[in-house]
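Okay, query-v2.cif is below, mmCIF, C-alpha atoms and all ligand atoms:
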data_data
loop_
_atom_site.group_PDB
_atom_site.id
_atom_site.type_symbol
_atom_site.label_atom_id
_atom_site.label_comp_id
_atom_site.auth_asym_id
_atom_site.auth_seq_id
_atom_site.Cartn_x
_atom_site.Cartn_y
_atom_site.Cartn_z
ATOM 1 C CA MET A 31 -16.245 -13.045 21.596
ATOM 2 C CA THR A 32 -18.963 -13.678 19.050
ATOM 3 C CA GLY A 33 -21.574 -11.188 17.994
ATOM 4 C CA ILE A 34 -23.018 -9.276 15.091
ATOM 5 C CA LEU A 35 -19.538 -7.992 14.144
ATOM 6 C CA THR A 36 -17.671 -11.286 14.392
ATOM 7 C CA GLY A 37 -15.065 -11.452 11.638
ATOM 8 C CA LYS A 38 -14.914 -7.665 11.244
ATOM 9 C CA ARG A 39 -11.691 -5.735 11.688
ATOM 10 C CA ALA A 40 -11.978 -2.237 13.148
ATOM 11 C CA LEU A 41 -9.710 0.695 13.939
ATOM 12 C CA VAL A 42 -10.713 3.372 16.436
ATOM 13 C CA THR A 43 -8.813 6.627 16.848
ATOM 14 C CA GLY A 44 -9.066 8.354 20.202
ATOM 15 C CA ALA A 45 -9.323 4.944 21.835
ATOM 16 C CA SER A 46 -7.501 5.957 25.017
ATOM 17 C CA SER A 47 -10.491 7.735 26.539
ATOM 18 C CA GLY A 48 -14.090 8.844 26.292
ATOM 19 C CA ILE A 49 -16.159 8.026 23.233
ATOM 20 C CA GLY A 50 -13.328 6.288 21.348
ATOM 21 C CA ARG A 51 -12.529 4.050 24.296
ATOM 22 C CA SER A 52 -16.169 3.065 24.719
ATOM 23 C CA ALA A 53 -16.510 2.523 20.972
ATOM 24 C CA ALA A 54 -13.565 0.121 21.034
ATOM 25 C CA VAL A 55 -15.059 -1.801 23.954
ATOM 26 C CA ALA A 56 -18.482 -1.994 22.279
ATOM 27 C CA LEU A 57 -17.082 -3.058 18.895
ATOM 28 C CA ALA A 58 -15.024 -5.771 20.588
ATOM 29 C CA ALA A 59 -18.038 -6.903 22.600
ATOM 30 C CA ALA A 60 -19.932 -7.221 19.306
ATOM 31 C CA GLY A 61 -17.184 -9.523 18.028
ATOM 32 C CA ALA A 62 -14.876 -7.210 16.044
ATOM 33 C CA GLN A 63 -11.103 -7.229 16.327
ATOM 34 C CA VAL A 64 -10.103 -3.689 17.230
ATOM 35 C CA ALA A 65 -6.994 -1.598 16.652
ATOM 36 C CA LEU A 66 -6.694 1.065 19.325
ATOM 37 C CA VAL A 67 -5.052 4.315 18.231
ATOM 38 C CA ALA A 68 -4.110 7.328 20.372
ATOM 39 C CA ARG A 69 -0.940 8.875 21.852
ATOM 40 C CA ARG A 70 -1.052 7.545 25.439
ATOM 41 C CA ALA A 71 0.578 4.116 25.249
ATOM 42 C CA ASP A 72 -0.205 3.127 28.844
ATOM 43 C CA ARG A 73 -3.928 3.620 28.389
ATOM 44 C CA LEU A 74 -3.983 1.727 25.104
ATOM 45 C CA ALA A 75 -2.083 -1.187 26.629
ATOM 46 C CA GLU A 76 -4.479 -1.297 29.586
ATOM 47 C CA LEU A 77 -7.515 -1.263 27.268
ATOM 48 C CA ALA A 78 -6.067 -3.914 24.952
ATOM 49 C CA ALA A 79 -5.441 -6.147 27.979
ATOM 50 C CA GLN A 80 -9.009 -5.585 29.189
ATOM 51 C CA ILE A 81 -10.498 -6.454 25.783
ATOM 52 C CA GLU A 82 -8.347 -9.566 25.517
ATOM 53 C CA ALA A 83 -9.222 -10.624 29.069
ATOM 54 C CA ASP A 84 -12.874 -10.370 28.053
ATOM 55 C CA GLY A 85 -12.220 -12.735 25.146
ATOM 56 C CA GLY A 86 -11.736 -10.158 22.382
ATOM 57 C CA LYS A 87 -8.820 -9.291 20.102
ATOM 58 C CA ALA A 88 -7.122 -5.902 20.257
ATOM 59 C CA LEU A 89 -4.023 -4.199 18.902
ATOM 60 C CA ALA A 90 -2.608 -1.144 20.670
ATOM 61 C CA ARG A 91 -1.003 1.217 18.140
ATOM 62 C CA VAL A 92 0.381 4.496 19.432
ATOM 63 C CA ALA A 93 0.046 7.282 16.873
ATOM 64 C CA ASP A 94 -0.415 11.012 16.652
ATOM 65 C CA VAL A 95 -3.157 11.302 14.056
ATOM 66 C CA THR A 96 -2.305 14.936 13.306
ATOM 67 C CA ASP A 97 0.884 13.577 11.743
ATOM 68 C CA GLU A 98 -0.194 12.408 8.300
ATOM 69 C CA ALA A 99 2.566 9.802 7.952
ATOM 70 C CA ASP A 100 1.946 8.402 11.446
ATOM 71 C CA ALA A 101 -1.836 8.307 10.989
ATOM 72 C CA SER A 102 -1.632 6.600 7.604
ATOM 73 C CA GLN A 103 0.948 4.078 8.775
ATOM 74 C CA ALA A 104 -1.204 3.211 11.806
ATOM 75 C CA VAL A 105 -4.078 2.355 9.466
ATOM 76 C CA ARG A 106 -1.850 0.263 7.213
ATOM 77 C CA ASP A 107 -0.287 -1.496 10.215
ATOM 78 C CA ALA A 108 -3.708 -2.402 11.615
ATOM 79 C CA ALA A 109 -4.863 -3.750 8.249
ATOM 80 C CA ALA A 110 -1.669 -5.803 7.930
ATOM 81 C CA HIS A 111 -1.998 -7.127 11.484
ATOM 82 C CA PHE A 112 -5.628 -8.207 11.085
ATOM 83 C CA GLY A 113 -5.364 -9.226 7.425
ATOM 84 C CA GLY A 114 -7.714 -6.435 6.361
ATOM 85 C CA LEU A 115 -9.939 -3.656 7.607
ATOM 86 C CA ASP A 116 -13.726 -3.288 7.640
ATOM 87 C CA ILE A 117 -14.481 -0.400 10.008
ATOM 88 C CA LEU A 118 -12.761 2.918 10.725
ATOM 89 C CA VAL A 119 -14.038 5.080 13.578
ATOM 90 C CA ASN A 120 -12.540 8.570 13.798
ATOM 91 C CA ALA A 121 -13.126 9.575 17.417
ATOM 92 C CA ALA A 122 -9.867 11.404 18.196
ATOM 93 C CA GLY A 123 -10.736 15.019 18.836
ATOM 94 C CA MET A 124 -10.598 17.942 21.156
ATOM 95 C CA THR A 125 -12.103 21.316 21.804
ATOM 96 C CA GLN A 126 -10.114 24.512 22.149
ATOM 97 C CA THR A 127 -11.587 27.952 22.360
ATOM 98 C CA GLY A 128 -10.756 31.317 20.952
ATOM 99 C CA LYS A 129 -12.253 34.401 19.442
ATOM 100 C CA VAL A 130 -11.296 35.768 16.049
ATOM 101 C CA GLU A 131 -9.910 39.145 17.100
ATOM 102 C CA ASN A 132 -6.466 38.458 18.569
ATOM 103 C CA ALA A 133 -6.948 34.761 17.804
ATOM 104 C CA ASP A 134 -4.176 32.338 18.649
ATOM 105 C CA LEU A 135 -3.890 30.986 15.138
ATOM 106 C CA ASP A 136 -1.910 27.957 16.286
ATOM 107 C CA ASP A 137 -4.851 26.925 18.485
ATOM 108 C CA TRP A 138 -7.283 27.300 15.605
ATOM 109 C CA ARG A 139 -4.997 25.359 13.269
ATOM 110 C CA TYR A 140 -4.470 22.530 15.748
ATOM 111 C CA VAL A 141 -8.171 21.996 16.422
ATOM 112 C CA VAL A 142 -8.909 21.882 12.708
ATOM 113 C CA GLU A 143 -5.899 19.618 12.171
ATOM 114 C CA LEU A 144 -7.114 17.112 14.763
ATOM 115 C CA ASN A 145 -10.877 17.283 14.282
ATOM 116 C CA PHE A 146 -10.882 17.509 10.496
ATOM 117 C CA TRP A 147 -7.540 16.782 8.799
ATOM 118 C CA ALA A 148 -6.763 13.704 10.894
ATOM 119 C CA SER A 149 -10.027 12.084 9.772
ATOM 120 C CA LEU A 150 -9.051 12.774 6.176
ATOM 121 C CA TYR A 151 -5.624 11.194 6.762
ATOM 122 C CA THR A 152 -7.019 7.980 8.252
ATOM 123 C CA ALA A 153 -9.918 7.705 5.785
ATOM 124 C CA ARG A 154 -7.584 8.210 2.841
ATOM 125 C CA ALA A 155 -5.290 5.466 4.124
ATOM 126 C CA ALA A 156 -8.202 3.137 4.908
ATOM 127 C CA ILE A 157 -10.034 3.290 1.573
ATOM 128 C CA PRO A 158 -7.797 0.754 -0.260
ATOM 129 C CA ALA A 159 -8.177 -1.768 2.588
ATOM 130 C CA LEU A 160 -11.941 -1.203 2.820
ATOM 131 C CA LYS A 161 -12.261 -1.681 -0.940
ATOM 132 C CA ALA A 162 -10.140 -4.831 -0.754
ATOM 133 C CA ALA A 163 -12.535 -6.137 1.902
ATOM 134 C CA GLY A 164 -15.424 -5.616 -0.516
ATOM 135 C CA GLY A 165 -16.721 -2.612 1.396
ATOM 136 C CA GLY A 166 -16.821 -1.318 4.935
ATOM 137 C CA ASP A 167 -17.640 1.584 7.192
ATOM 138 C CA ILE A 168 -16.104 4.942 8.012
ATOM 139 C CA VAL A 169 -17.671 6.628 11.030
ATOM 140 C CA ASN A 170 -16.702 10.201 11.838
ATOM 141 C CA ILE A 171 -17.524 11.615 15.259
ATOM 142 C CA SER A 172 -18.620 15.212 14.954
ATOM 143 C CA SER A 173 -20.778 17.176 17.418
ATOM 144 C CA THR A 174 -23.972 19.159 17.610
ATOM 145 C CA ALA A 175 -21.467 22.034 17.249
ATOM 146 C CA GLY A 176 -21.064 20.824 13.665
ATOM 147 C CA ARG A 177 -24.687 21.834 13.037
ATOM 148 C CA ARG A 178 -24.858 25.096 14.950
ATOM 149 C CA ALA A 179 -21.949 27.259 16.049
ATOM 150 C CA VAL A 180 -22.934 28.347 19.539
ATOM 151 C CA GLY A 181 -21.352 31.379 21.186
ATOM 152 C CA ALA A 182 -18.277 33.390 20.404
ATOM 153 C CA THR A 183 -15.651 31.220 22.050
ATOM 154 C CA PHE A 184 -16.166 27.856 20.383
ATOM 155 C CA GLY A 185 -15.323 29.069 16.866
ATOM 156 C CA PRO A 186 -12.356 26.763 16.230
ATOM 157 C CA TYR A 187 -14.308 23.723 17.374
ATOM 158 C CA ALA A 188 -17.398 24.559 15.317
ATOM 159 C CA ALA A 189 -15.293 25.355 12.247
ATOM 160 C CA SER A 190 -13.517 21.997 12.524
ATOM 161 C CA LYS A 191 -16.787 20.094 12.883
ATOM 162 C CA PHE A 192 -18.525 21.923 10.017
ATOM 163 C CA ALA A 193 -15.525 21.012 7.849
ATOM 164 C CA LEU A 194 -15.828 17.412 8.990
ATOM 165 C CA THR A 195 -19.486 17.337 7.914
ATOM 166 C CA ALA A 196 -18.667 18.633 4.441
ATOM 167 C CA PHE A 197 -15.823 16.124 4.131
ATOM 168 C CA ASN A 198 -18.083 13.331 5.356
ATOM 169 C CA GLU A 199 -20.712 14.065 2.729
ATOM 170 C CA SER A 200 -18.284 14.390 -0.178
ATOM 171 C CA LEU A 201 -16.484 11.209 0.882
ATOM 172 C CA ARG A 202 -19.812 9.387 1.124
ATOM 173 C CA ALA A 203 -20.648 10.364 -2.456
ATOM 174 C CA GLU A 204 -17.180 9.258 -3.591
ATOM 175 C CA VAL A 205 -17.095 5.783 -2.101
ATOM 176 C CA THR A 206 -20.673 4.638 -1.543
ATOM 177 C CA LEU A 207 -20.808 2.736 -4.827
ATOM 178 C CA SER A 208 -17.671 0.863 -3.726
ATOM 179 C CA GLY A 209 -19.659 -0.526 -0.817
ATOM 180 C CA ILE A 210 -18.114 1.823 1.743
ATOM 181 C CA ARG A 211 -20.665 3.484 3.997
ATOM 182 C CA VAL A 212 -19.711 6.842 5.470
ATOM 183 C CA SER A 213 -21.505 8.090 8.565
ATOM 184 C CA ILE A 214 -21.240 11.121 10.777
ATOM 185 C CA ILE A 215 -22.433 10.960 14.367
ATOM 186 C CA GLU A 216 -23.137 14.263 16.095
ATOM 187 C CA PRO A 217 -23.322 13.870 19.870
ATOM 188 C CA GLY A 218 -24.378 16.436 22.401
ATOM 189 C CA ALA A 219 -22.985 16.624 25.940
ATOM 190 C CA THR A 220 -21.213 13.394 26.855
ATOM 191 C CA ALA A 221 -19.380 12.781 30.122
ATOM 192 C CA THR A 222 -15.741 12.416 29.065
ATOM 193 C CA GLU A 223 -12.460 14.121 29.886
ATOM 194 C CA ILE A 224 -12.675 16.419 26.852
ATOM 195 C CA HIS A 225 -12.766 19.535 29.058
ATOM 196 C CA GLU A 226 -9.457 18.644 30.723
ATOM 197 C CA HIS A 227 -7.482 19.669 27.660
ATOM 198 C CA ILE A 228 -8.958 23.172 27.305
ATOM 199 C CA LYS A 229 -6.346 25.840 28.030
ATOM 200 C CA ASP A 230 -8.631 28.613 29.320
ATOM 201 C CA ALA A 231 -9.548 27.825 32.945
ATOM 202 C CA GLY A 232 -12.951 29.504 32.788
ATOM 203 C CA VAL A 233 -13.974 27.750 29.589
ATOM 204 C CA ARG A 234 -12.566 24.495 30.962
ATOM 205 C CA GLU A 235 -14.830 24.707 33.999
ATOM 206 C CA PHE A 236 -17.829 25.801 31.879
ATOM 207 C CA THR A 237 -17.291 22.792 29.606
ATOM 208 C CA ARG A 238 -16.783 20.416 32.533
ATOM 209 C CA GLN A 239 -20.120 21.466 33.972
ATOM 210 C CA HIS A 240 -21.722 21.064 30.537
ATOM 211 C CA VAL A 241 -20.458 17.546 29.845
ATOM 212 C CA GLU A 242 -20.942 16.345 33.440
ATOM 213 C CA LYS A 243 -24.393 17.845 33.963
ATOM 214 C CA ASP A 244 -27.230 15.700 35.260
ATOM 215 C CA GLY A 245 -28.646 13.790 32.329
ATOM 216 C CA ALA A 246 -25.554 14.089 30.132
ATOM 217 C CA MET A 247 -24.952 11.090 27.916
ATOM 218 C CA GLN A 248 -22.301 8.546 28.806
ATOM 219 C CA PRO A 249 -19.667 7.570 26.226
ATOM 220 C CA GLU A 250 -21.237 4.098 26.149
ATOM 221 C CA ASP A 251 -24.404 5.679 24.731
ATOM 222 C CA VAL A 252 -22.536 7.095 21.749
ATOM 223 C CA ALA A 253 -20.670 3.792 21.363
ATOM 224 C CA GLU A 254 -24.005 2.008 21.027
ATOM 225 C CA ALA A 255 -24.937 4.370 18.210
ATOM 226 C CA ILE A 256 -21.652 3.562 16.470
ATOM 227 C CA VAL A 257 -22.267 -0.186 16.713
ATOM 228 C CA PHE A 258 -25.821 0.416 15.472
ATOM 229 C CA VAL A 259 -24.775 2.211 12.277
ATOM 230 C CA VAL A 260 -22.112 -0.339 11.347
ATOM 231 C CA SER A 261 -24.390 -3.308 12.104
ATOM 232 C CA LEU A 262 -27.318 -2.371 9.886
ATOM 233 C CA PRO A 263 -27.906 -4.295 6.643
ATOM 234 C CA ARG A 264 -25.444 -3.167 3.948
ATOM 235 C CA ARG A 265 -28.272 -1.549 1.958
ATOM 236 C CA VAL A 266 -28.726 1.004 4.772
ATOM 237 C CA ASN A 267 -26.413 3.958 5.303
ATOM 238 C CA VAL A 268 -27.060 6.189 8.308
ATOM 239 C CA SER A 269 -25.253 9.138 6.781
ATOM 240 C CA GLN A 270 -25.942 11.583 9.655
ATOM 241 C CA LEU A 271 -27.049 10.859 13.200
ATOM 242 C CA VAL A 272 -27.667 13.460 15.906
ATOM 243 C CA ILE A 273 -27.679 11.999 19.409
ATOM 244 C CA ARG A 274 -28.452 14.300 22.331
ATOM 245 C CA PRO A 275 -29.171 14.077 26.048
ATOM 246 C CA SER A 276 -32.915 13.790 26.580
ATOM 247 C CA VAL A 277 -32.687 16.646 29.098
ATOM 248 C CA ASP A 278 -31.698 19.098 26.329
ATOM 249 C CA ALA A 279 -34.816 20.911 25.154
HETATM 250 P P1 LIG A 301 -11.681 12.665 25.224
HETATM 251 O O1 LIG A 301 -10.789 13.810 25.575
HETATM 252 O O2 LIG A 301 -12.160 11.774 26.307
HETATM 253 O O3 LIG A 301 -10.995 11.760 24.104
HETATM 254 C C1 LIG A 301 -10.244 12.311 23.073
HETATM 255 C C2 LIG A 301 -9.400 11.221 22.448
HETATM 256 O O4 LIG A 301 -8.676 11.769 21.346
HETATM 257 C C3 LIG A 301 -8.384 10.634 23.414
HETATM 258 O O5 LIG A 301 -8.357 9.238 23.255
HETATM 259 C C4 LIG A 301 -7.076 11.237 22.939
HETATM 260 O O6 LIG A 301 -6.018 10.340 23.218
HETATM 261 C C5 LIG A 301 -7.331 11.324 21.449
HETATM 262 N N1 LIG A 301 -6.435 12.265 20.815
HETATM 263 C C6 LIG A 301 -6.309 13.598 21.058
HETATM 264 N N2 LIG A 301 -5.335 14.116 20.300
HETATM 265 C C7 LIG A 301 -4.829 13.095 19.563
HETATM 266 C C8 LIG A 301 -3.803 12.995 18.605
HETATM 267 N N3 LIG A 301 -3.078 14.077 18.216
HETATM 268 N N4 LIG A 301 -3.528 11.790 18.049
HETATM 269 C C9 LIG A 301 -4.235 10.694 18.429
HETATM 270 N N5 LIG A 301 -5.243 10.729 19.323
HETATM 271 C C10 LIG A 301 -5.523 11.920 19.884
HETATM 272 O O7 LIG A 301 -12.908 13.331 24.462
HETATM 273 P P2 LIG A 301 -14.268 12.729 23.869
HETATM 274 O O8 LIG A 301 -14.307 11.268 23.951
HETATM 275 O O9 LIG A 301 -15.355 13.528 24.456
HETATM 276 O O10 LIG A 301 -14.117 13.174 22.367
HETATM 277 C C11 LIG A 301 -14.154 12.254 21.278
HETATM 278 C C12 LIG A 301 -14.821 12.927 20.097
HETATM 279 O O11 LIG A 301 -16.174 13.194 20.459
HETATM 280 C C13 LIG A 301 -14.211 14.279 19.698
HETATM 281 O O12 LIG A 301 -14.189 14.377 18.303
HETATM 282 C C14 LIG A 301 -15.195 15.272 20.269
HETATM 283 O O13 LIG A 301 -15.200 16.464 19.542
HETATM 284 C C15 LIG A 301 -16.492 14.518 20.117
HETATM 285 N N6 LIG A 301 -17.590 14.993 20.929
HETATM 286 C C16 LIG A 301 -17.535 14.969 22.302
HETATM 287 C C17 LIG A 301 -18.604 15.467 23.042
HETATM 288 C C18 LIG A 301 -18.597 15.505 24.524
HETATM 289 O O14 LIG A 301 -19.510 16.155 25.113
HETATM 290 N N7 LIG A 301 -17.690 14.839 25.205
HETATM 291 C C19 LIG A 301 -19.803 16.003 22.385
HETATM 292 C C20 LIG A 301 -19.733 15.988 20.955
HETATM 293 C C21 LIG A 301 -18.691 15.490 20.276
HETATM 294 P P3 LIG A 301 -4.503 10.733 23.562
HETATM 295 O O15 LIG A 301 -4.531 11.988 24.380
HETATM 296 O O16 LIG A 301 -4.028 9.527 24.304
HETATM 297 O O17 LIG A 301 -3.818 10.903 22.244
#

Would you mind writing the file's structure down as structure tokens?
Amino acid sequence: MTGILTGKRALVTGASSGIGRSAAVALAAAGAQVALVARRADRLAELAAQIEADGGKALARVADVTDEADASQAVRDAAAHFGGLDILVNAAGMTQTGKVENADLDDWRYVVELNFWASLYTARAAIPALKAAGGGDIVNISSTAGRRAVGATFGPYAASKFALTAFNESLRAEVTLSGIRVSIIEPGATATEIHEHIKDAGVREFTRQHVEKDGAMQPEDVAEAIVFVVSLPRRVNVSQLVIRPSVDA
């Protein structure tokens, strides 16, 4: 496939579903070779086959990005496979709920581990390859919950996304003069399977209705925004981008 990203080498975490999956498809459609990272091997293999059948190039790499060694090695493996790396998209994430009083601390820790620490692990491993390529892009997928913590039950999620924003901005300042652009994209409700992994049945159903409501964005919409920020002229860095359903007042 040829397109605006022909010759670019990308890695997408969370590529087995939702926003990450759509991002991988869109990057490949724009011409990039894409490494697909997540835990579910069957889904990655199916997506890699689909991208290749459409004329693209994909590498399925199973990894748990909350494991620092696994996450870092996945980045290095992708760079070795493609002969370099130009784009890292951190889309692996989840939401889990919990209040502070009587909090399940393991739940809080895991959400922060996945939504914040994992992006640090992959970015840290990617920087040498991005520098070697003469520059590149790191795109972190946050949420509108990274701007405003709404309600009592989404504390772990909001905390993880606020941390991601702070990390994003400090990383941007660190690497921008090396030609590495760092962007954070903050979507609102997007129809994915994110709700399926929420433990609390009531919150799971509330979240399902939220992300599947009439007028919710589709993961392809967020994927377009990702392709947009990495395709702009190198002098432009979209450092923060909020993207919401038009039906949200
Ligand atoms: P999905 O549940 O559809 O996708 C989550 C992805 O993360 C899956 O590919 C999953 O793959 C992967 N993942 C989860 N845990 C791990 C892990 N330990 N190691 C590697 N991969 C992992 O959700 P979304 O697409 O909706 O979410 C993607 C991002 O978008 C998240 O950061 C989320 O916070 C954010 N977001 C989503 C919104 C929405 O309304 N849907 C709104 C705002 C932001 P696997 O299970 O195979 O490992």

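Closest approach to Val180 in chain A among A:Thr127, A:Leu160, A:Leu89, A:Leu271: A:Thr127, based on all atoms listed in the file.
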
Notebook entry, point to check: Exactly which residues make up the result of the PyMOL selection byres (((not hetatm)) within 6 of (chain A and resi 301)) on this file, given as a VMD selection string?
Noted result: chain A and resid 43 to 50 68 to 70 93 to 96 121 to 124 145 171 to 173 217 to 224 241

Long-range neighbours of range 154-157 of chain A as a tab-separated table (two decimals) with C-alpha atoms, in the coordinates of the input, 8 Å cut-off, all atoms listed in the file, 2 positions minimum in chain:
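around.tsv, written as the output of this step:
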chain	number	residue	atom	x	y	z
A	102	SER	CA	-1.63	6.60	7.60
A	103	GLN	CA	0.95	4.08	8.78
A	105	VAL	CA	-4.08	2.36	9.47
A	106	ARG	CA	-1.85	0.26	7.21
A	115	LEU	CA	-9.94	-3.66	7.61
A	118	LEU	CA	-12.76	2.92	10.72
A	150	LEU	CA	-9.05	12.77	6.18
A	151	TYR	CA	-5.62	11.19	6.76
A	152	THR	CA	-7.02	7.98	8.25
A	159	ALA	CA	-8.18	-1.77	2.59
A	160	LEU	CA	-11.94	-1.20	2.82
A	161	LYS	CA	-12.26	-1.68	-0.94

Margin query: Between CA of Ala163 in chain A and CA of Gly61 in chain A, what distance in Å does the model show, to one decimal?
Written below: 17.1 Å

Padding 8 Å on every side, please: axis-aligned box over the listed atoms of range 188-200 of chain A, centre and edge lengths to one decimal in Å, as AutoDock Vina command-line options.
--center_x -17.1 --center_y 19.3 --center_z 7.6 --size_x 23.2 --size_y 28.0 --size_z 31.5

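Here CA of Lys191 in chain A is placed at a distance of 26.7 Å from CA of Ala90 in chain A.
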
Item checked: Residues returned when the PyMOL selection byres (((chain A and resi 137) around 8) and not hetatm) runs on this file, as a list of chain:residue names -> A:Gln126, A:Thr127, A:Gly128, A:Asp134, A:Leu135, A:Asp136, A:Trp138, A:Arg139, A:Tyr140, A:Val141, A:Pro186

Writing out the chosen residues with C-alpha atoms as a PDB file, keeping the file's coordinate frame:
ATOM      1  CA  GLN A 126     -10.114  24.512  22.149  1.00  0.00           C
ATOM      2  CA  THR A 127     -11.587  27.952  22.360  1.00  0.00           C
ATOM      3  CA  GLY A 128     -10.756  31.317  20.952  1.00  0.00           C
ATOM      4  CA  ASP A 134      -4.176  32.338  18.649  1.00  0.00           C
ATOM      5  CA  LEU A 135      -3.890  30.986  15.138  1.00  0.00           C
ATOM      6  CA  ASP A 136      -1.910  27.957  16.286  1.00  0.00           C
ATOM      7  CA  TRP A 138      -7.283  27.300  15.605  1.00  0.00           C
ATOM      8  CA  ARG A 139      -4.997  25.359  13.269  1.00  0.00           C
ATOM      9  CA  TYR A 140      -4.470  22.530  15.748  1.00  0.00           C
ATOM     10  CA  VAL A 141      -8.171  21.996  16.422  1.00  0.00           C
ATOM     11  CA  PRO A 186     -12.356  26.763  16.230  1.00  0.00           C
TER      12      PRO A 186
END

Checklist line | Residue neighbourhood Val169 in chain A, 12 Å, all atoms listed in the file, exclusion window fewer than 4 positions, as a PyMOL selection string | finding: chain A and resi 40-43+50+53+116-122+149-150+152-153+156+194-195+197-199+201-202+210-216+252-253+255-260+267-271

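With distances taken over all atoms listed in the file, A:Gly86 is the one residue among A:Gly86, A:Gly37, A:Gly185, A:Pro263 lying closest to Ala54 in chain A.
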
Item checked: Cut-off 12 Å around (-17.0, -16.9, 22.0) with only C-alpha atoms: residues as a PyMOL selection string -> chain A and resi 31-34+36-37+58-62+82+84-87

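CA of Leu207 in chain A is found 28.0 Å from CA of Thr174 in chain A.
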
Note to self: Expand the PyMOL selection byres (((chain A and resi 244) around 12) and not hetatm) into the explicit residue set it covers here, and present it as a PyMOL selection string.
What the structure shows: chain A and resi 219-221+238-243+245-248+275-278

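Distances from A:Ala83, A:Asn170, A:Phe146, A:Arg234 to Ala189 in chain A were compared using all atoms listed in the file, and the smallest one belongs to A:Phe146.
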
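For the choices A:Asp167, A:Ala65, A:Ile81, A:Thr125, the atom-to-atom distance to His111 in chain A is smallest for A:Ala65 when using all atoms listed in the file.
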
Notebook entry, point to check: When distances are computed from only C-alpha atoms, which of A:Tyr187, A:Arg39, A:Asn132, A:Val92 shows the smallest separation from Ala110 in chain A?
Noted result: A:Arg39

Complete range 49-63 of chain A with N, CA and C atoms (output as a PDB file, keeping the file's coordinate frame).
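Done, and the output landed in result-v4.pdb:
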ATOM      1  N   ILE A  49     -15.314   8.670  24.242  1.00  0.00           N
ATOM      2  CA  ILE A  49     -16.159   8.026  23.233  1.00  0.00           C
ATOM      3  C   ILE A  49     -15.373   6.967  22.453  1.00  0.00           C
ATOM      4  N   GLY A  50     -14.136   7.264  22.092  1.00  0.00           N
ATOM      5  CA  GLY A  50     -13.328   6.288  21.348  1.00  0.00           C
ATOM      6  C   GLY A  50     -13.081   5.030  22.151  1.00  0.00           C
ATOM      7  N   ARG A  51     -12.773   5.215  23.436  1.00  0.00           N
ATOM      8  CA  ARG A  51     -12.529   4.050  24.296  1.00  0.00           C
ATOM      9  C   ARG A  51     -13.786   3.182  24.380  1.00  0.00           C
ATOM     10  N   SER A  52     -14.915   3.822  24.617  1.00  0.00           N
ATOM     11  CA  SER A  52     -16.169   3.065  24.719  1.00  0.00           C
ATOM     12  C   SER A  52     -16.527   2.410  23.393  1.00  0.00           C
ATOM     13  N   ALA A  53     -16.234   3.110  22.292  1.00  0.00           N
ATOM     14  CA  ALA A  53     -16.510   2.523  20.972  1.00  0.00           C
ATOM     15  C   ALA A  53     -15.692   1.251  20.780  1.00  0.00           C
ATOM     16  N   ALA A  54     -14.426   1.305  21.183  1.00  0.00           N
ATOM     17  CA  ALA A  54     -13.565   0.121  21.034  1.00  0.00           C
ATOM     18  C   ALA A  54     -14.103  -1.043  21.860  1.00  0.00           C
ATOM     19  N   VAL A  55     -14.512  -0.752  23.085  1.00  0.00           N
ATOM     20  CA  VAL A  55     -15.059  -1.801  23.954  1.00  0.00           C
ATOM     21  C   VAL A  55     -16.328  -2.396  23.330  1.00  0.00           C
ATOM     22  N   ALA A  56     -17.201  -1.527  22.831  1.00  0.00           N
ATOM     23  CA  ALA A  56     -18.482  -1.994  22.279  1.00  0.00           C
ATOM     24  C   ALA A  56     -18.279  -2.788  20.984  1.00  0.00           C
ATOM     25  N   LEU A  57     -17.357  -2.325  20.141  1.00  0.00           N
ATOM     26  CA  LEU A  57     -17.082  -3.058  18.895  1.00  0.00           C
ATOM     27  C   LEU A  57     -16.510  -4.439  19.216  1.00  0.00           C
ATOM     28  N   ALA A  58     -15.605  -4.476  20.196  1.00  0.00           N
ATOM     29  CA  ALA A  58     -15.024  -5.771  20.588  1.00  0.00           C
ATOM     30  C   ALA A  58     -16.090  -6.677  21.184  1.00  0.00           C
ATOM     31  N   ALA A  59     -16.971  -6.097  21.987  1.00  0.00           N
ATOM     32  CA  ALA A  59     -18.038  -6.903  22.600  1.00  0.00           C
ATOM     33  C   ALA A  59     -18.986  -7.462  21.536  1.00  0.00           C
ATOM     34  N   ALA A  60     -19.087  -6.747  20.407  1.00  0.00           N
ATOM     35  CA  ALA A  60     -19.932  -7.221  19.306  1.00  0.00           C
ATOM     36  C   ALA A  60     -19.178  -8.201  18.407  1.00  0.00           C
ATOM     37  N   GLY A  61     -17.917  -8.478  18.745  1.00  0.00           N
ATOM     38  CA  GLY A  61     -17.184  -9.523  18.028  1.00  0.00           C
ATOM     39  C   GLY A  61     -16.068  -9.043  17.129  1.00  0.00           C
ATOM     40  N   ALA A  62     -15.916  -7.717  16.955  1.00  0.00           N
ATOM     41  CA  ALA A  62     -14.876  -7.210  16.044  1.00  0.00           C
ATOM     42  C   ALA A  62     -13.498  -7.264  16.699  1.00  0.00           C
ATOM     43  N   GLN A  63     -12.481  -7.446  15.878  1.00  0.00           N
ATOM     44  CA  GLN A  63     -11.103  -7.229  16.327  1.00  0.00           C
ATOM     45  C   GLN A  63     -10.850  -5.735  16.211  1.00  0.00           C
TER      46      GLN A  63
END
